[in-house]
>>> print(open('final-v5.cif').read())   # mmCIF, C-alpha atoms
data_data
#
loop_
_atom_site.label_atom_id
_atom_site.label_comp_id
_atom_site.auth_asym_id
_atom_site.auth_seq_id
_atom_site.Cartn_x
_atom_site.Cartn_y
_atom_site.Cartn_z
CA MET A 273 22.40 7.28 -15.65
CA ARG A 274 23.03 10.12 -13.20
CA VAL A 275 20.06 11.51 -11.27
CA LEU A 276 19.67 14.27 -8.69
CA GLY A 277 16.99 13.86 -6.04
CA LEU A 278 15.48 16.80 -4.14
CA SER A 279 13.11 16.53 -1.19
CA SER A 280 11.76 18.24 1.89
CA GLY A 281 9.82 16.23 4.45
CA THR A 282 6.79 16.92 6.61
CA SER A 283 9.00 18.42 9.31
CA VAL A 284 10.13 21.13 6.84
CA ASP A 285 13.67 20.84 8.22
CA ALA A 286 15.65 21.59 5.05
CA ILE A 287 15.99 20.70 1.39
CA ASP A 288 17.84 17.41 0.94
CA VAL A 289 19.86 17.11 -2.27
CA ALA A 290 21.51 13.86 -3.33
CA ALA A 291 22.98 12.45 -6.52
CA ALA A 292 23.57 8.89 -7.64
CA ASP A 293 24.66 6.93 -10.68
CA PHE A 294 22.48 3.97 -11.69
CA ASP A 295 23.52 1.01 -13.82
CA LEU A 296 21.10 -1.81 -14.62
CA ASP A 297 22.59 -5.26 -15.14
CA GLY A 298 19.81 -7.78 -15.78
CA THR A 299 17.59 -7.63 -12.72
CA GLU A 300 20.28 -6.10 -10.49
CA LEU A 301 20.38 -2.32 -10.22
CA ARG A 302 23.74 -0.98 -9.09
CA MET A 303 23.51 2.37 -7.35
CA THR A 304 26.56 4.53 -6.66
CA PRO A 305 25.78 7.36 -4.24
CA LEU A 306 27.82 10.44 -5.12
CA ALA A 307 27.01 13.13 -2.56
CA HIS A 308 24.40 14.50 -0.21
CA ARG A 309 23.75 18.00 1.11
CA GLU A 310 21.19 19.55 3.44
CA VAL A 311 20.28 23.09 2.41
CA PRO A 312 18.32 25.17 4.94
CA TYR A 313 15.35 27.13 3.67
CA SER A 314 16.02 30.84 3.45
CA GLU A 315 15.08 32.98 6.42
CA GLY A 316 11.33 33.33 6.73
CA LEU A 317 10.30 30.78 4.10
CA ARG A 318 10.21 27.83 6.50
CA GLU A 319 7.92 29.83 8.80
CA GLU A 320 5.73 30.79 5.83
CA ILE A 321 5.38 27.13 4.85
CA GLN A 322 4.54 26.18 8.44
CA ARG A 323 1.86 28.90 8.59
CA ALA A 324 0.16 27.46 5.50
CA MET A 325 0.09 23.86 6.75
CA PRO A 326 -2.79 22.20 8.65
CA PRO A 327 -4.53 23.12 10.84
CA ALA A 328 -4.06 26.65 9.50
CA ALA A 329 -6.26 28.18 6.83
CA THR A 330 -4.54 29.66 3.78
CA SER A 331 -5.31 31.51 0.53
CA MET A 332 -4.68 30.95 -3.16
CA GLU A 333 -2.28 33.89 -3.03
CA ALA A 334 -0.25 32.09 -0.36
CA VAL A 335 -0.32 28.83 -2.34
CA THR A 336 0.90 30.60 -5.49
CA ARG A 337 3.65 32.41 -3.58
CA LEU A 338 4.81 29.21 -1.94
CA ASP A 339 4.76 27.23 -5.19
CA THR A 340 7.08 29.83 -6.72
CA LEU A 341 9.33 30.44 -3.70
CA ILE A 342 9.80 26.73 -2.94
CA GLY A 343 10.58 26.07 -6.62
CA GLN A 344 13.18 28.84 -6.55
CA GLU A 345 14.70 27.47 -3.32
CA PHE A 346 14.95 23.97 -4.80
CA ALA A 347 16.55 25.41 -7.95
CA ALA A 348 19.05 27.37 -5.85
CA ALA A 349 19.92 24.18 -3.96
CA ALA A 350 20.33 22.08 -7.11
CA GLN A 351 22.44 24.41 -9.25
CA PRO A 352 25.66 24.60 -7.17
CA PHE A 353 25.30 20.96 -6.14
CA LEU A 354 25.28 19.96 -9.79
CA ALA A 355 28.54 21.86 -10.29
CA ASP A 356 30.08 20.09 -7.30
CA ILE A 357 29.50 16.63 -8.83
CA GLY A 358 31.07 17.53 -12.15
CA GLY A 359 28.36 19.59 -13.78
CA THR A 360 26.64 16.70 -15.53
CA ALA A 361 23.44 14.75 -14.88
CA ASP A 362 20.62 13.31 -16.91
CA LEU A 363 17.61 14.15 -14.75
CA VAL A 364 16.49 15.99 -11.63
CA VAL A 365 13.66 14.61 -9.50
CA SER A 366 11.92 17.03 -7.16
CA HIS A 367 9.41 15.86 -4.60
CA GLY A 368 8.76 19.44 -3.54
CA GLN A 369 7.13 20.23 -0.22
CA THR A 370 3.93 18.46 0.81
CA LEU A 371 1.31 20.98 1.93
CA PHE A 372 -1.70 18.66 2.06
CA HIS A 373 -2.36 14.92 1.70
CA TRP A 374 -6.12 14.45 1.31
CA ILE A 375 -7.43 11.26 2.93
CA GLU A 376 -11.15 10.55 3.48
CA ASP A 377 -12.36 7.37 5.18
CA GLY A 378 -8.99 5.76 4.58
CA ILE A 379 -9.04 6.53 0.84
CA ALA A 380 -6.50 8.89 -0.71
CA ARG A 381 -8.36 11.52 -2.74
CA GLY A 382 -5.47 13.80 -3.68
CA THR A 383 -2.16 15.25 -2.63
CA LEU A 384 -0.43 18.60 -3.05
CA GLN A 385 3.32 19.13 -3.24
CA LEU A 386 4.47 22.67 -3.97
CA GLY A 387 7.70 23.78 -5.66
CA GLN A 388 7.21 24.76 -9.31
CA PRO A 389 9.63 22.51 -11.29
CA ALA A 390 10.03 25.04 -14.12
CA TRP A 391 12.41 27.03 -11.91
CA ILE A 392 14.61 23.96 -11.44
CA ALA A 393 14.59 23.16 -15.16
CA GLN A 394 15.53 26.73 -16.02
CA ALA A 395 18.34 26.86 -13.46
CA THR A 396 19.92 23.50 -14.34
CA GLY A 397 18.95 23.05 -17.99
CA LEU A 398 17.89 19.49 -17.09
CA PRO A 399 14.51 17.77 -17.34
CA VAL A 400 12.71 17.63 -14.01
CA LEU A 401 10.42 14.86 -12.79
CA SER A 402 7.89 16.11 -10.21
CA ASP A 403 4.44 15.38 -8.74
CA VAL A 404 5.51 11.80 -8.08
CA ARG A 405 2.55 10.77 -5.89
CA SER A 406 -0.51 11.72 -7.92
CA ASN A 407 -0.43 8.92 -10.50
CA ASP A 408 -0.53 6.31 -7.75
CA ILE A 409 -3.54 8.01 -6.14
CA ALA A 410 -5.32 8.16 -9.51
CA ALA A 411 -4.67 4.40 -9.79
CA GLY A 412 -6.41 3.78 -6.46
CA GLY A 413 -3.35 3.87 -4.22
CA GLN A 414 -2.36 5.94 -1.21
CA GLY A 415 0.50 7.71 -3.01
CA ALA A 416 2.56 6.72 0.05
CA PRO A 417 4.83 5.48 1.37
CA LEU A 418 6.80 5.79 -1.86
CA VAL A 419 9.97 4.68 -0.10
CA SER A 420 8.59 1.12 -0.04
CA LEU A 421 9.96 0.56 -3.56
CA PHE A 422 13.47 1.55 -2.47
CA ASP A 423 13.21 -0.36 0.82
CA SER A 424 12.12 -3.60 -0.82
CA LEU A 425 14.96 -3.47 -3.35
CA LEU A 426 17.55 -2.54 -0.71
CA LEU A 427 16.52 -5.33 1.65
CA ALA A 428 16.47 -7.83 -1.22
CA GLY A 429 19.99 -6.72 -2.15
CA ARG A 430 21.47 -8.06 1.09
CA GLY A 431 21.60 -11.62 -0.24
CA ASP A 432 19.65 -14.82 0.33
CA ALA A 433 20.76 -15.49 3.90
CA ALA A 434 19.81 -12.04 5.17
CA ALA A 435 16.63 -11.97 3.11
CA ALA A 436 15.39 -15.15 4.79
CA LEU A 437 14.53 -13.11 7.87
CA ASN A 438 11.36 -11.01 8.18
CA SER A 439 12.67 -7.47 8.23
CA ALA A 440 11.45 -3.89 8.08
CA ALA A 441 12.74 -0.50 7.02
CA LEU A 442 11.46 2.32 9.21
CA ASN A 443 11.63 6.03 8.47
CA LEU A 444 11.10 8.49 11.31
CA GLY A 445 10.20 11.81 9.74
CA GLY A 446 7.29 13.98 10.77
CA ILE A 447 5.28 10.81 10.12
CA ALA A 448 6.64 7.29 10.66
CA ASN A 449 6.44 4.86 7.77
CA ALA A 450 7.53 1.26 7.47
CA THR A 451 8.09 -1.33 4.76
CA VAL A 452 7.93 -5.00 5.77
CA ILE A 453 9.67 -7.71 3.74
CA ARG A 454 8.78 -11.37 4.29
CA PRO A 455 10.27 -14.25 2.27
CA GLY A 456 7.92 -15.46 -0.44
CA GLN A 457 5.35 -12.70 0.16
CA ASP A 458 4.69 -9.29 -1.33
CA PRO A 459 6.03 -6.30 0.60
CA VAL A 460 3.66 -4.47 2.95
CA ALA A 461 3.99 -0.75 3.68
CA PHE A 462 2.14 1.89 5.67
CA ASP A 463 2.38 5.09 7.65
CA SER A 464 2.16 3.98 11.29
CA GLY A 465 1.32 7.45 12.62
CA PRO A 466 3.26 10.44 13.94
CA ALA A 467 6.99 10.16 14.52
CA ASN A 468 8.22 13.70 15.13
CA ALA A 469 5.17 15.73 14.09
CA LEU A 470 3.53 15.98 17.52
CA LEU A 471 6.86 16.16 19.37
CA ASP A 472 7.92 19.09 17.19
CA ALA A 473 4.56 20.83 17.71
CA ALA A 474 4.91 20.46 21.49
CA ALA A 475 8.48 21.78 21.44
CA ARG A 476 7.45 24.83 19.39
CA ALA A 477 4.52 25.56 21.68
CA ALA A 478 6.59 25.19 24.87
CA THR A 479 9.35 27.53 23.65
CA ASP A 480 7.14 30.01 21.78
CA GLY A 481 8.80 28.93 18.55
CA ALA A 482 12.39 29.24 19.77
CA GLU A 483 12.89 25.46 19.46
CA SER A 484 11.28 23.21 16.86
CA VAL A 485 12.49 19.84 18.21
CA ASP A 486 13.11 18.08 21.52
CA ARG A 487 16.88 18.09 21.10
CA ASP A 488 18.37 14.64 21.72
CA GLY A 489 15.12 13.70 23.47
CA GLU A 490 16.40 15.32 26.66
CA GLY A 491 13.07 16.96 27.45
CA ALA A 492 11.22 13.65 27.20
CA ARG A 493 13.93 11.82 29.13
CA GLY A 494 13.28 14.11 32.09
CA GLY A 495 9.52 13.54 32.06
CA THR A 496 7.04 10.86 33.08
CA VAL A 497 4.50 9.28 30.74
CA ASP A 498 0.92 10.32 31.47
CA ASP A 499 -0.91 7.00 31.11
CA ASP A 500 -4.37 8.55 30.75
CA LEU A 501 -3.24 10.88 27.98
CA LEU A 502 -1.37 8.06 26.25
CA ALA A 503 -4.49 5.88 26.31
CA GLY A 504 -6.50 8.71 24.79
CA LEU A 505 -3.91 9.24 22.05
CA LEU A 506 -3.76 5.51 21.26
CA ALA A 507 -7.55 5.44 20.84
CA HIS A 508 -7.34 7.39 17.59
CA PRO A 509 -9.03 5.28 14.88
CA TYR A 510 -6.13 5.67 12.45
CA TYR A 511 -4.02 3.12 14.32
CA SER A 512 -6.56 0.32 13.88
CA ARG A 513 -6.97 0.78 10.13
CA PRO A 514 -5.41 -1.93 7.96
CA ALA A 515 -2.50 -1.36 5.59
CA PRO A 516 -1.94 0.06 3.06
CA LYS A 517 -2.67 3.42 4.71
CA SER A 518 -1.18 6.89 4.87
CA THR A 519 -1.57 9.99 6.99
CA GLY A 520 0.09 13.33 7.66
CA ARG A 521 -0.09 16.65 9.40
CA GLU A 522 -3.66 17.00 8.17
CA ILE A 523 -4.56 14.87 11.24
CA PHE A 524 -1.54 14.86 13.53
CA ASN A 525 -0.89 18.57 13.94
CA SER A 526 -0.79 21.27 16.61
CA GLY A 527 -4.56 21.64 16.58
CA TYR A 528 -5.02 17.95 17.31
CA LEU A 529 -2.43 18.17 20.08
CA ASP A 530 -4.20 21.17 21.63
CA ALA A 531 -7.51 19.31 21.54
CA VAL A 532 -6.27 16.12 23.22
CA THR A 533 -4.34 17.97 25.92
CA ALA A 534 -7.05 20.53 26.71
CA GLY A 535 -7.79 20.64 30.45
CA ARG A 536 -4.80 18.47 31.36
CA PRO A 537 -2.27 20.17 33.70
CA LEU A 538 0.81 18.66 32.01
CA ASN A 539 4.31 20.05 32.28
CA THR A 540 6.41 20.03 29.11
CA PRO A 541 8.73 17.10 29.97
CA ASP A 542 5.73 14.87 30.78
CA LEU A 543 4.03 15.82 27.52
CA LEU A 544 7.21 15.11 25.52
CA ALA A 545 7.69 11.79 27.32
CA THR A 546 4.10 10.80 26.52
CA LEU A 547 4.42 11.77 22.85
CA THR A 548 7.71 9.88 22.55
CA GLU A 549 6.01 6.83 24.01
CA LEU A 550 3.16 7.26 21.54
CA THR A 551 5.56 7.07 18.60
CA ALA A 552 7.41 4.07 20.01
CA ARG A 553 4.20 2.20 20.85
CA THR A 554 2.41 2.84 17.56
CA VAL A 555 5.44 1.83 15.49
CA ALA A 556 5.95 -1.35 17.51
CA ASP A 557 2.24 -2.22 17.51
CA ALA A 558 2.07 -1.76 13.73
CA LEU A 559 5.07 -4.06 13.16
CA ALA A 560 4.11 -6.70 15.74
CA PRO A 561 1.84 -8.78 13.44
CA PHE A 562 4.68 -9.34 10.98
CA GLY A 563 7.20 -10.95 13.34
CA VAL A 564 10.14 -8.90 12.11
CA GLY A 565 13.58 -9.78 13.41
CA GLU A 566 15.34 -6.57 12.45
CA VAL A 567 14.27 -2.99 11.76
CA PHE A 568 16.52 -0.64 9.78
CA VAL A 569 15.80 2.91 10.88
CA SER A 570 16.39 6.24 9.11
CA GLY A 571 15.08 9.80 9.16
CA GLY A 572 15.28 12.76 11.48
CA GLY A 573 14.04 10.73 14.43
CA THR A 574 17.35 8.86 14.50
CA ARG A 575 18.85 12.02 16.03
CA ASN A 576 16.70 11.47 19.11
CA PRO A 577 18.48 8.84 21.27
CA PHE A 578 15.65 8.63 23.77
CA LEU A 579 13.12 7.84 21.04
CA LEU A 580 15.41 5.10 19.73
CA GLU A 581 15.74 3.65 23.24
CA ARG A 582 11.97 3.51 23.64
CA LEU A 583 11.58 1.97 20.19
CA GLN A 584 14.12 -0.74 20.96
CA ALA A 585 12.34 -1.51 24.23
CA HIS A 586 9.01 -2.00 22.48
CA LEU A 587 10.39 -3.80 19.42
CA ALA A 588 12.42 -6.38 21.38
CA PRO A 589 13.42 -9.06 20.61
CA ALA A 590 13.66 -7.50 17.14
CA GLN A 591 16.88 -5.54 16.69
CA LEU A 592 16.85 -1.85 15.78
CA ARG A 593 19.62 -1.22 13.24
CA ASP A 594 20.97 1.81 11.42
CA ALA A 595 19.88 2.09 7.79
CA ALA A 596 23.50 2.97 7.01
CA GLU A 597 24.15 -0.78 7.22
CA LEU A 598 22.29 -1.02 3.92
CA GLY A 599 24.86 1.32 2.36
CA ILE A 600 22.70 4.46 2.43
CA ASP A 601 23.23 7.54 4.57
CA ALA A 602 20.13 7.52 6.78
CA ASP A 603 19.73 11.29 6.50
CA ALA A 604 19.90 11.15 2.70
CA LYS A 605 17.65 8.18 2.10
CA GLU A 606 14.56 10.06 0.92
CA ALA A 607 16.52 12.17 -1.55
CA TYR A 608 18.10 9.00 -2.97
CA LEU A 609 14.61 7.48 -3.17
CA PHE A 610 13.49 10.24 -5.50
CA ALA A 611 16.60 9.79 -7.61
CA LEU A 612 15.65 6.10 -7.89
CA LEU A 613 12.09 7.00 -8.92
CA GLY A 614 13.59 9.14 -11.66
CA PHE A 615 15.53 6.16 -13.01
CA PHE A 616 12.37 4.05 -12.96
CA THR A 617 10.16 6.60 -14.75
CA TRP A 618 12.87 7.39 -17.30
CA HIS A 619 13.01 3.70 -18.21
CA GLY A 620 9.24 3.12 -18.31
CA LEU A 621 9.01 1.26 -15.00
CA PRO A 622 6.24 1.64 -12.37
CA GLY A 623 7.24 3.72 -9.37
CA THR A 624 5.13 1.95 -6.74
CA LEU A 625 4.22 -1.54 -5.56
CA ALA A 626 0.55 -2.51 -5.50
CA SER A 627 0.89 -4.32 -2.17
CA ALA A 628 2.58 -1.30 -0.60
CA THR A 629 0.32 1.59 -1.70
CA GLY A 630 -2.86 -0.26 -2.72
CA SER A 631 -2.92 0.90 -6.34
CA THR A 632 -4.78 -1.36 -8.76
CA THR A 633 -2.14 -1.12 -11.48
CA PRO A 634 1.09 0.53 -10.32
CA PRO A 635 1.78 3.48 -12.66
CA LEU A 636 4.86 5.37 -13.71
CA ALA A 637 5.62 8.11 -11.21
CA GLY A 638 5.37 11.81 -11.95
CA ARG A 639 5.43 14.15 -14.90
CA ILE A 640 8.41 15.61 -16.72
CA THR A 641 9.20 19.28 -17.29
CA PRO A 642 11.66 19.53 -20.21
CA GLY A 643 15.04 21.17 -19.75
CA ALA A 644 17.13 23.05 -22.27
CA ARG A 645 17.09 20.22 -24.83
CA PRO A 646 14.29 18.11 -26.33
CA LEU A 647 13.38 15.00 -24.36
CA ARG A 648 14.75 11.72 -25.64
CA LEU A 649 13.67 8.79 -23.50
CA PRO A 650 15.29 5.36 -23.89
CA GLU A 651 13.39 2.24 -24.80
CA PRO A 652 11.40 0.97 -21.79
CA VAL A 653 13.02 -1.74 -19.69
CA ALA A 654 11.13 -5.01 -20.09
CA VAL A 655 11.90 -6.54 -16.68
CA PRO A 656 12.17 -4.37 -13.56
CA PRO A 657 15.11 -4.82 -11.19
CA SER A 658 14.52 -7.17 -8.28
CA ARG A 659 17.33 -5.89 -6.06
CA ILE A 660 19.65 -2.92 -5.51
CA THR A 661 23.28 -3.17 -4.54
CA VAL A 662 24.96 -0.02 -3.31
CA SER A 663 28.45 0.48 -4.70
CA ALA A 664 31.43 2.61 -3.67
CA PRO A 665 32.25 5.42 -3.46
CA ALA A 666 30.40 6.15 -0.26
CA PRO A 667 28.29 9.32 -0.31
CA VAL A 668 30.09 12.55 0.55
CA ARG A 669 28.22 14.67 3.10
CA HIS A 670 28.38 18.44 2.64
CA PRO A 671 27.56 20.89 5.44
#
>>> encode(input="final-v5.cif", output="structure tokens")
Amino acid sequence: MRVLGLSSGTSVDAIDVAAADFDLDGTELRMTPLAHREVPYSEGLREEIQRAMPPAATSMEAVTRLDTLIGQEFAAAAQPFLADIGGTADLVVSHGQTLFHWIEDGIARGTLQLGQPAWIAQATGLPVLSDVRSNDIAAGGQGAPLVSLFDSLLLAGRGDAAAALNSAALNLGGIANATVIRPGQDPVAFDSGPANALLDAAARAATDGAESVDRDGEGARGGTVDDDLLAGLLAHPYYSRPAPKSTGREIFNSGYLDAVTAGRPLNTPDLLATLTELTARTVADALAPFGVGEVFVSGGGTRNPFLLERLQAHLAPAQLRDAAELGIDADAKEAYLFALLGFFTWHGLPGTLASATGSTTPPLAGRITPGARPLRLPEPVAVPPSRITVSAPAPVRHP
């Protein structure tokens, strides 16, 4: 089965498009990555999305506009990509763009991803799976981190010797999330807190929007951690909550950053250094109880060498390793995750793990918008795969 995955993370960097072939052999799922592309949002749309995200107020007109425009952008990204991989696929999976993840007292109440899938179905002629988080929330889960399903199968696919070690997969997007695998125990997963969200907010504020990231961590590298500010940041109650748990820019946004830094005469490098240390500390503190020996890292934060240095310092003696060692392009991992979820839903398999999201009965993920032809689903698979092996050819990156 060939599936396209489309995603855009909390940093609103670009639309990630990836395609993979899946072949189930007993309890082993063989995945062949075909290609990956990052497609920038069109001029002005990224800024419009940012203006609608917390802590900003918005309107139903803006929500409707964004739902349509994001759907059209995803469709425009998918259509030529489909042609580049031979013009054939069975399914498209679109995560869309998260605008709000509603958490109250640690309980997920709802989530909103925009990007009307009808535009993708019309452009490609293929069925489109979307809204992949809501079923898990309705079943009592957090709806996140969805990547825990992919992580657990990837780590199990390394073989018995490697799987004997406590290990974790870490994604550094706007928010950091981790999946922990321990022999003989159910996987554990959680959002640990901000990865790039506060760093990006500080960079935008310091440059009046000219820069949206601390490039290569050079700003932070030139600063000094403010211990008082760091202590105040670490006191946020989110960090002490037990897993499973999830968070987002609803909490860790520019408004929060303004509030915690109010009245503090910080220069920009010191602020960036402190926020980098916050990410490194909260990730390491969250993983410490599990005694992991290795951490496979992916996401936009891997482009920040200083952040990785601080993470390694706090995670030691655990080794920080590139997720590419698992056979997956670290930049493309989330898009491949959504392709995997499409395979699971198409074959009647739950898209989450109860121990990872907290759902009472893990449900199928998402809802399907038909394409040009009537839907014909296969018979459900009786036994879910227990491991993924990634096969050649290696994914082809497109500019």
>>> closest_residue(input="final-v5.cif", among="A:Ile640, A:Leu501, A:Gly623, A:Phe615", to="Asp295 of chain A", atoms="all atoms listed in the file")
A:Phe615
>>> residues_around(input="final-v5.cif", residues="Arg302 of chain A", least_positions_apart="6", cutoff="7 Å", atoms="only C-alpha atoms", output="ChimeraX atom specification")
/A:294-296,660-663
>>> closest_residue(input="final-v5.cif", among="A:Gly429, A:Gly387, A:Pro305, A:Pro656", to="Ser280 of chain A", atoms="all atoms listed in the file")
A:Gly387
>>> resolve_selection(input="final-v5.cif", expression="the PyMOL selection byres ((chain A and resi 643-650) around 8)", output="list in words")
Ala393, Gln394, Thr396, Gly397, Leu398, Pro399, Val400, Trp618, His619, Thr641, Pro642, Glu651 and Pro652 of chain A
>>> atom_distance(input="final-v5.cif", atom1="atom CA of Val335 of chain A", atom2="atom CA of Val485 of chain A")
25.8 Å
>>> resolve_selection(input="final-v5.cif", expression="the PyMOL selection byres ((chain A and resi 314) around 10)", output="PyMOL selection string")
chain A and resi 286+311-313+315-319+341-342+345
>>> residues_around(input="final-v5.cif", residues="segment 543-550 of chain A", least_positions_apart="6", cutoff="8 Å", atoms="only C-alpha atoms", output="PyMOL selection string")
chain A and resi 470-471+474-475+486+491-499+501-502+505-506+579+582
>>> atom_distance(input="final-v5.cif", atom1="atom CA of Glu581 of chain A", atom2="atom CA of Leu442 of chain A")
14.7 Å
>>> build_atoms(input="final-v5.cif", residues="segment 496-504 of chain A", atoms="all heavy atoms", output="mmCIF file, in the coordinates of the input")
data_model
loop_
_atom_site.group_PDB
_atom_site.id
_atom_site.type_symbol
_atom_site.label_atom_id
_atom_site.label_comp_id
_atom_site.auth_asym_id
_atom_site.auth_seq_id
_atom_site.Cartn_x
_atom_site.Cartn_y
_atom_site.Cartn_z
ATOM 1 N N THR A 496 7.723 12.101 32.738
ATOM 2 C CA THR A 496 7.040 10.860 33.080
ATOM 3 C C THR A 496 5.823 10.713 32.167
ATOM 4 O O THR A 496 5.075 11.673 31.969
ATOM 5 C CB THR A 496 6.576 10.863 34.543
ATOM 6 O OG1 THR A 496 7.716 11.034 35.383
ATOM 7 C CG2 THR A 496 5.862 9.572 34.903
ATOM 8 N N VAL A 497 5.628 9.522 31.633
ATOM 9 C CA VAL A 497 4.500 9.280 30.740
ATOM 10 C C VAL A 497 3.190 9.428 31.505
ATOM 11 O O VAL A 497 3.023 8.872 32.596
ATOM 12 C CB VAL A 497 4.598 7.870 30.116
ATOM 13 C CG1 VAL A 497 3.331 7.535 29.328
ATOM 14 C CG2 VAL A 497 5.829 7.779 29.227
ATOM 15 N N ASP A 498 2.268 10.191 30.925
ATOM 16 C CA ASP A 498 0.920 10.320 31.470
ATOM 17 C C ASP A 498 0.071 9.199 30.859
ATOM 18 O O ASP A 498 -0.286 9.256 29.677
ATOM 19 C CB ASP A 498 0.340 11.699 31.128
ATOM 20 C CG ASP A 498 -1.020 11.942 31.742
ATOM 21 O OD1 ASP A 498 -1.942 11.143 31.463
ATOM 22 O OD2 ASP A 498 -1.179 12.931 32.477
ATOM 23 N N ASP A 499 -0.240 8.186 31.643
ATOM 24 C CA ASP A 499 -0.910 7.000 31.110
ATOM 25 C C ASP A 499 -2.297 7.305 30.576
ATOM 26 O O ASP A 499 -2.727 6.715 29.575
ATOM 27 C CB ASP A 499 -0.999 5.918 32.188
ATOM 28 C CG ASP A 499 0.367 5.339 32.531
ATOM 29 O OD1 ASP A 499 1.240 5.313 31.638
ATOM 30 O OD2 ASP A 499 0.568 4.919 33.688
ATOM 31 N N ASP A 500 -3.033 8.206 31.221
ATOM 32 C CA ASP A 500 -4.370 8.550 30.750
ATOM 33 C C ASP A 500 -4.310 9.255 29.389
ATOM 34 O O ASP A 500 -5.089 8.952 28.483
ATOM 35 C CB ASP A 500 -5.087 9.448 31.761
ATOM 36 C CG ASP A 500 -5.496 8.694 33.016
ATOM 37 O OD1 ASP A 500 -5.564 7.442 32.962
ATOM 38 O OD2 ASP A 500 -5.739 9.347 34.048
ATOM 39 N N LEU A 501 -3.393 10.199 29.263
ATOM 40 C CA LEU A 501 -3.240 10.880 27.980
ATOM 41 C C LEU A 501 -2.793 9.909 26.903
ATOM 42 O O LEU A 501 -3.303 9.938 25.773
ATOM 43 C CB LEU A 501 -2.241 12.027 28.107
ATOM 44 C CG LEU A 501 -1.901 12.757 26.804
ATOM 45 C CD1 LEU A 501 -3.146 13.334 26.143
ATOM 46 C CD2 LEU A 501 -0.854 13.845 27.047
ATOM 47 N N LEU A 502 -1.846 9.030 27.231
ATOM 48 C CA LEU A 502 -1.370 8.060 26.250
ATOM 49 C C LEU A 502 -2.511 7.169 25.773
ATOM 50 O O LEU A 502 -2.651 6.902 24.566
ATOM 51 C CB LEU A 502 -0.253 7.217 26.852
ATOM 52 C CG LEU A 502 0.340 6.143 25.928
ATOM 53 C CD1 LEU A 502 0.947 6.768 24.675
ATOM 54 C CD2 LEU A 502 1.378 5.306 26.669
ATOM 55 N N ALA A 503 -3.353 6.721 26.705
ATOM 56 C CA ALA A 503 -4.490 5.880 26.310
ATOM 57 C C ALA A 503 -5.422 6.627 25.381
ATOM 58 O O ALA A 503 -5.936 6.064 24.396
ATOM 59 C CB ALA A 503 -5.236 5.413 27.558
ATOM 60 N N GLY A 504 -5.642 7.917 25.663
ATOM 61 C CA GLY A 504 -6.500 8.710 24.790
ATOM 62 C C GLY A 504 -5.898 8.885 23.403
ATOM 63 O O GLY A 504 -6.598 8.807 22.392
#
